[in-house]
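Written out below as structure tokens is the structure these notes cover.
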Amino acid sequence: MSGELSPIDKAKYVAARRAADLVEDGMRVGLGTGSTAAWLVRCLGEMVRDDGLKFRAVPTSTRTAELAREVGIEVVTLDEARWLDITIDGADEVDDDLALIKGGGGALLQEKIVATASDQMVVIADAAKQVDTLGAFPLPVEVIPFGMQATRALIEEMLVSMDVMGRDTAWRMNGDTFFVTDEGNRILDLDLKRIGNPRQLSMVLNQIPGVVENGLFIDICDQLLVGYGDGRVELRDINAGTVSEDRVTFVDEENLFSDLND
Ligand code: 5RP
């Protein structure tokens with residue numbers, strides 16, 4: 001990557017850069033998926049190379065695993081790690097209670113398994129991800145291929161009795177074919193516009209047999225780090241009930257991770 005970063009990339013970078021400082025020697029770390037998480041992986045790779053940071057990482061997708069290995073991070077499976085000290089991941093939406101919509105990158109299943117097998121989950125995001133009410137971002141639902149149209153019909157029928165504003169659903173596509181997750185499943189995106197009761201919706205969705213998991217992360221995220229294009233990072237800790245601010249200084253942007261192709 002070279003050239004001037006856009007304000008949104010700067011915001012993602014500073015959130016990721018600040019979160020990287022939470023990783024200490026000997027930790028077992030879950031690495032999220034997406035463009036913000038990719039900044040984190042690059043920052044951590046730099047700390048491994050330049051500062052001798054030693055930790056083991058469990059990636060949440062093949063994409064993240066490839067990048068982590070590329071930058072010199074030791075990658076292990078979740079079963080090898082058994083339990084994680086921290087997971088750091090991006091999000092598509094986050095509300096005031098730190099409830100999330102995730103899965104825009106199609107990795108929600110591994111992301112949820114990894115995050116819930118961690119002592120703490122930290123979300124890194126730019127300010128645009130903060131919302132009063134979840135639902136403007138279509139909610140991804142991971143569905144088993146067997147009987148997927150019947151599962152879609154059941155989901156649509158169930159939505160009629162839910163507190164949501166929209167009910168359109170669409171299979172996520174990859175060109176002319178269905179998008180396939182790392183686990184070989186499909187993603188049904190639910191355009192709900194506004195989710196009145198995320199906890200109820202999440203529970204009801206997961207009771208439908210063909211549904212593997214949904215992108216609502218409730219009571220999972222412990223800390224939110226929101227980055228801004230000017231280098232500010234707002235840190236919210238839901239357990240401590242604290243909000244604080246920090247600042248990340250940009251190094252020469254032209255040379256930021258210039259050794260990596262993005
Ligand atoms: C992937 C995710 C990502 O965390 C989410 O889509 C945010 O991505 P980005 O950091 O690129 O905005 O849930 O499944």
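Here, A, B, ... name the chains of the structure tokens in the order displayed, residue numbers run from 1 inside each chain, and ligands are numbered from 1 in the same displayed order.
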Would you give me, as CSV, each residue of chain A having an atom within 8 Å of an atom of ligand 1, along with its shortest atom pair and that distance in Å to one decimal, using only C-alpha atoms and all ligand atoms and sorting by chain and residue number?
```
residue,atom,partner,partner_atom_place_in_ligand_line,distance
A:Lys12,CA,ligand 1,10 (O),7.4
A:Gly32,CA,ligand 1,4 (O),6.3
A:Thr33,CA,ligand 1,1 (C),4.8
A:Gly34,CA,ligand 1,11 (O),3.8
A:Ser35,CA,ligand 1,11 (O),3.6
A:Thr36,CA,ligand 1,10 (O),3.7
A:Ala37,CA,ligand 1,10 (O),5.8
A:Ala38,CA,ligand 1,10 (O),7.7
A:Asp89,CA,ligand 1,4 (O),5.6
A:Gly90,CA,ligand 1,4 (O),3.5
A:Ala91,CA,ligand 1,4 (O),4.0
A:Asp92,CA,ligand 1,7 (C),4.6
A:Ile101,CA,ligand 1,13 (O),7.3
A:Lys102,CA,ligand 1,13 (O),3.7
A:Gly103,CA,ligand 1,14 (O),3.3
A:Gly104,CA,ligand 1,6 (O),3.6
A:Gly105,CA,ligand 1,14 (O),3.5
A:Gly106,CA,ligand 1,14 (O),4.4
A:Ala107,CA,ligand 1,14 (O),3.9
A:Leu108,CA,ligand 1,14 (O),4.9
A:Glu111,CA,ligand 1,14 (O),7.1
A:Ile124,CA,ligand 1,10 (O),7.8
A:Ala125,CA,ligand 1,10 (O),6.7
A:Asp126,CA,ligand 1,12 (O),8.0
A:Gly215,CA,ligand 1,13 (O),7.7
```
With N, CA, C and O atoms kept, could you save the residues just selected as a compact mmCIF listing (two decimals), in the first residue's frame?
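Final output, saved to selection.txt:
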```txt
# COMPACT_ATOMS: atom_id res chain seq x y z
N LYS A 12 -9.46 3.77 10.63
CA LYS A 12 -9.33 2.33 10.88
C LYS A 12 -7.92 2.01 11.38
O LYS A 12 -7.74 1.21 12.30
N GLY A 32 -9.47 -10.82 13.99
CA GLY A 32 -10.70 -10.69 13.21
C GLY A 32 -10.46 -10.64 11.72
O GLY A 32 -9.35 -10.84 11.24
N THR A 33 -11.55 -10.36 11.01
CA THR A 33 -11.53 -10.34 9.55
C THR A 33 -12.09 -9.01 9.06
O THR A 33 -12.97 -8.44 9.69
N GLY A 34 -11.56 -8.54 7.92
CA GLY A 34 -12.05 -7.28 7.34
C GLY A 34 -10.91 -6.29 7.21
O GLY A 34 -9.77 -6.56 7.61
N SER A 35 -11.23 -5.11 6.67
CA SER A 35 -10.17 -4.14 6.39
C SER A 35 -9.58 -3.54 7.67
O SER A 35 -8.37 -3.28 7.74
N THR A 36 -10.39 -3.34 8.71
CA THR A 36 -9.86 -2.79 9.96
C THR A 36 -8.99 -3.83 10.65
O THR A 36 -7.89 -3.52 11.15
N ALA A 37 -9.47 -5.07 10.67
CA ALA A 37 -8.68 -6.15 11.27
C ALA A 37 -7.37 -6.36 10.49
O ALA A 37 -6.35 -6.71 11.09
N ALA A 38 -7.40 -6.11 9.18
CA ALA A 38 -6.17 -6.27 8.40
C ALA A 38 -5.11 -5.25 8.83
O ALA A 38 -3.92 -5.56 8.90
N ASP A 89 -11.32 -7.44 16.69
CA ASP A 89 -12.02 -7.63 15.42
C ASP A 89 -12.75 -6.33 15.05
O ASP A 89 -12.97 -5.47 15.91
N GLY A 90 -13.11 -6.20 13.80
CA GLY A 90 -13.90 -5.07 13.35
C GLY A 90 -15.38 -5.35 13.54
O GLY A 90 -15.77 -6.37 14.12
N ALA A 91 -16.23 -4.45 13.06
CA ALA A 91 -17.68 -4.65 13.12
C ALA A 91 -18.33 -3.83 12.02
O ALA A 91 -17.76 -2.85 11.53
N ASP A 92 -19.54 -4.24 11.64
CA ASP A 92 -20.29 -3.47 10.64
C ASP A 92 -21.15 -2.40 11.31
O ASP A 92 -21.36 -1.34 10.74
N ILE A 101 -23.45 -5.76 14.79
CA ILE A 101 -23.72 -6.58 13.60
C ILE A 101 -22.36 -6.85 12.98
O ILE A 101 -21.56 -5.93 12.78
N LYS A 102 -22.09 -8.12 12.73
CA LYS A 102 -20.86 -8.53 12.06
C LYS A 102 -21.20 -9.51 10.93
O LYS A 102 -22.29 -10.02 10.85
N GLY A 103 -20.20 -9.73 10.08
CA GLY A 103 -20.40 -10.71 9.01
C GLY A 103 -20.40 -10.10 7.63
O GLY A 103 -20.63 -10.79 6.64
N GLY A 104 -20.12 -8.78 7.57
CA GLY A 104 -20.04 -8.14 6.25
C GLY A 104 -18.99 -8.81 5.37
O GLY A 104 -19.13 -8.83 4.15
N GLY A 105 -17.98 -9.37 6.00
CA GLY A 105 -16.95 -10.08 5.24
C GLY A 105 -17.23 -11.57 5.14
O GLY A 105 -16.42 -12.33 4.61
N GLY A 106 -18.37 -12.01 5.68
CA GLY A 106 -18.77 -13.41 5.56
C GLY A 106 -18.10 -14.35 6.54
O GLY A 106 -18.17 -15.57 6.39
N ALA A 107 -17.45 -13.79 7.57
CA ALA A 107 -16.68 -14.66 8.49
C ALA A 107 -17.33 -14.75 9.87
O ALA A 107 -16.68 -15.10 10.84
N LEU A 108 -18.63 -14.45 9.95
CA LEU A 108 -19.27 -14.30 11.27
C LEU A 108 -19.19 -15.55 12.14
O LEU A 108 -19.08 -15.45 13.36
N GLU A 111 -15.76 -15.89 13.56
CA GLU A 111 -15.58 -14.69 14.41
C GLU A 111 -16.32 -14.86 15.75
O GLU A 111 -15.79 -14.50 16.80
N ILE A 124 -12.62 -2.82 16.98
CA ILE A 124 -11.97 -1.63 16.43
C ILE A 124 -12.80 -1.16 15.24
O ILE A 124 -13.23 -1.95 14.40
N ALA A 125 -13.05 0.15 15.19
CA ALA A 125 -13.96 0.65 14.16
C ALA A 125 -13.72 2.12 13.89
O ALA A 125 -13.17 2.84 14.72
N ASP A 126 -14.16 2.56 12.72
CA ASP A 126 -14.23 3.99 12.45
C ASP A 126 -15.60 4.48 12.96
O ASP A 126 -16.51 3.67 13.19
N GLY A 215 -25.29 -12.83 12.58
CA GLY A 215 -24.26 -11.81 12.79
C GLY A 215 -24.50 -10.86 13.95
O GLY A 215 -23.79 -9.86 14.08
```
Can you check which residues of segment 104-202 of chain A DSSP gives as helix (DSSP H, G or I) on the backbone and send them as a VMD selection string?
chain A and resid 108 to 116 127 to 129 148 to 159 198 to 202
DSSP strand (DSSP E) residues within segment 24-261 of chain A, listed as an NGL selection string
:A and (28-31 or 56-59 or 74-75 or 84-89 or 93-94 or 100-101 or 118-126 or 139-143 or 168-171 or 173-174 or 177-178 or 186-191 or 211-214 or 216-217 or 223-227 or 232-237 or 242-247)
Using only C-alpha atoms, which protein or nucleic acid residues come within 8 Å of segment 135-143 of chain A? Drop anything in the same chain fewer than 5 positions from it, and give the result as an NGL selection string.
:A and (92-93 or 101-104 or 106 or 108-109 or 148 or 151 or 185-195 or 210-216)
Quick one: of A:Leu5, A:Val226, A:Ile218, A:Val243, who's nearest to Lys129 of chain A, counting only C-alpha atoms?
A:Val226
Please provide as a list in words all residues within 12 Å of Gly196 of chain A, with the sequence filter that same-chain residues fewer than 5 positions apart are discarded (counting only C-alpha atoms).
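The residues that qualify are Asp132, Thr133, Leu134, Gly135, Ala136, Leu159, Ser161, Met162, Asp163, Val164, Met165, Gly166, Leu201 and Ser202 of chain A.
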Restricting it to C-alpha atoms, dump the selection as a PDB file, in the first residue's frame.
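Listing of result-v8.pdb after writing:
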```
ATOM      1  CA  ASP A 132     -28.296   4.295  17.808  1.00  0.00           C
ATOM      2  CA  THR A 133     -30.196   1.213  16.647  1.00  0.00           C
ATOM      3  CA  LEU A 134     -28.830  -1.820  14.797  1.00  0.00           C
ATOM      4  CA  GLY A 135     -30.246  -2.833  11.436  1.00  0.00           C
ATOM      5  CA  ALA A 136     -29.357  -0.355   8.701  1.00  0.00           C
ATOM      6  CA  LEU A 159     -39.566 -12.089  10.561  1.00  0.00           C
ATOM      7  CA  SER A 161     -43.604 -11.495  14.070  1.00  0.00           C
ATOM      8  CA  MET A 162     -40.336  -9.680  14.856  1.00  0.00           C
ATOM      9  CA  ASP A 163     -39.839  -6.015  15.772  1.00  0.00           C
ATOM     10  CA  VAL A 164     -38.067  -5.002  12.551  1.00  0.00           C
ATOM     11  CA  MET A 165     -38.733  -2.323   9.934  1.00  0.00           C
ATOM     12  CA  GLY A 166     -37.805  -4.198   6.738  1.00  0.00           C
ATOM     13  CA  LEU A 201     -34.125 -11.878  17.036  1.00  0.00           C
ATOM     14  CA  SER A 202     -30.773 -13.578  17.548  1.00  0.00           C
TER      15      SER A 202
END
```
Could you name the residues that touch segment 59-73 of chain A at 8 Å or less, counting only C-alpha atoms, but leaving out those on the same chain fewer than 3 positions away, as a VMD selection string?
chain A and resid 30 to 33 38 41 to 42 44 to 46 48 to 49 55 to 56 77 107 110 to 111 114 182
Which residue of A:Arg28, A:Arg247, A:Arg236, A:Arg152 approaches Trp171 of chain A most closely, using only C-alpha atoms:
A:Arg152
Can you pull out every residue within 9 Å of Arg18 of chain A, counting only C-alpha atoms, but drop anything in the same chain fewer than 3 positions away, and send it as a CSV table (one decimal) with N, CA, C and O atoms, in the first residue's frame?
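Dumped everything to part-v3.csv:
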```
chain,number,residue,atom,x,y,z
A,13,TYR,N,-6.9,2.6,10.8
A,13,TYR,CA,-5.6,2.4,11.1
A,13,TYR,C,-5.3,2.8,12.6
A,13,TYR,O,-4.7,2.0,13.4
A,14,VAL,N,-5.8,4.0,13.0
A,14,VAL,CA,-5.4,4.4,14.4
A,14,VAL,C,-6.1,3.5,15.4
A,14,VAL,O,-5.6,3.3,16.5
A,15,ALA,N,-7.4,3.1,15.1
A,15,ALA,CA,-8.1,2.2,16.0
A,15,ALA,C,-7.3,0.9,16.2
A,15,ALA,O,-7.0,0.4,17.3
A,21,ASP,N,-1.5,-2.4,20.9
A,21,ASP,CA,-0.8,-2.2,22.1
A,21,ASP,C,-1.4,-3.0,23.3
A,21,ASP,O,-0.8,-3.1,24.3
A,22,LEU,N,-2.6,-3.6,23.1
A,22,LEU,CA,-3.2,-4.4,24.1
A,22,LEU,C,-2.6,-5.8,24.1
A,22,LEU,O,-2.8,-6.6,25.0
A,40,LEU,N,-4.8,-4.2,11.8
A,40,LEU,CA,-4.3,-4.7,13.1
A,40,LEU,C,-3.3,-5.7,12.9
A,40,LEU,O,-2.2,-5.8,13.5
A,225,LEU,N,-12.9,0.5,20.5
A,225,LEU,CA,-12.0,1.5,20.1
A,225,LEU,C,-12.4,2.2,18.8
A,225,LEU,O,-12.3,1.5,17.8
A,227,GLY,N,-11.7,4.9,16.0
A,227,GLY,CA,-10.7,5.7,15.5
A,227,GLY,C,-11.2,6.9,14.7
A,227,GLY,O,-12.3,6.8,14.1
A,233,VAL,N,-8.4,8.4,19.2
A,233,VAL,CA,-9.1,7.1,19.5
A,233,VAL,C,-9.9,7.2,20.7
A,233,VAL,O,-9.4,7.5,21.8
A,246,ASP,N,-7.5,8.7,23.5
A,246,ASP,CA,-6.0,8.6,23.3
A,246,ASP,C,-5.7,9.2,22.0
A,246,ASP,O,-6.6,9.5,21.2
A,247,ARG,N,-4.5,9.2,21.6
A,247,ARG,CA,-4.1,9.7,20.3
A,247,ARG,C,-3.0,8.9,19.7
A,247,ARG,O,-2.0,8.5,20.4
A,248,VAL,N,-3.1,8.6,18.4
A,248,VAL,CA,-2.0,7.8,17.7
A,248,VAL,C,-1.4,8.8,16.8
A,248,VAL,O,-2.0,9.5,16.0
```
For atom CA of Pro145 of chain A and atom CA of Ile113 of chain A, quote the distance in Å rounded to one decimal.
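About the pair atom CA of Pro145 of chain A and atom CA of Ile113 of chain A: they are 20.1 Å apart.
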Need the shell around Met47 of chain A: protein/DNA/RNA residues with any atom at most 9 Å away, counting only C-alpha atoms. Skip same-chain ones fewer than 6 positions apart. Format as a list in words?
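The neighbour list is Ala20, Leu53 and Lys54 of chain A.
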Hey, can you spit out that residue selection with N, CA and C atoms as a tab-separated table (two decimals), in the first residue's frame?
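Output (result.tsv):
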```tsv
chain	number	residue	atom	x	y	z
A	20	ALA	N	-3.46	-2.75	18.97
A	20	ALA	CA	-2.28	-3.63	18.92
A	20	ALA	C	-1.48	-3.53	20.22
A	53	LEU	N	7.94	-8.90	19.60
A	53	LEU	CA	6.72	-9.35	20.28
A	53	LEU	C	6.46	-10.82	19.95
A	54	LYS	N	6.14	-11.59	21.01
A	54	LYS	CA	5.90	-13.02	20.81
A	54	LYS	C	4.50	-13.37	21.29
```
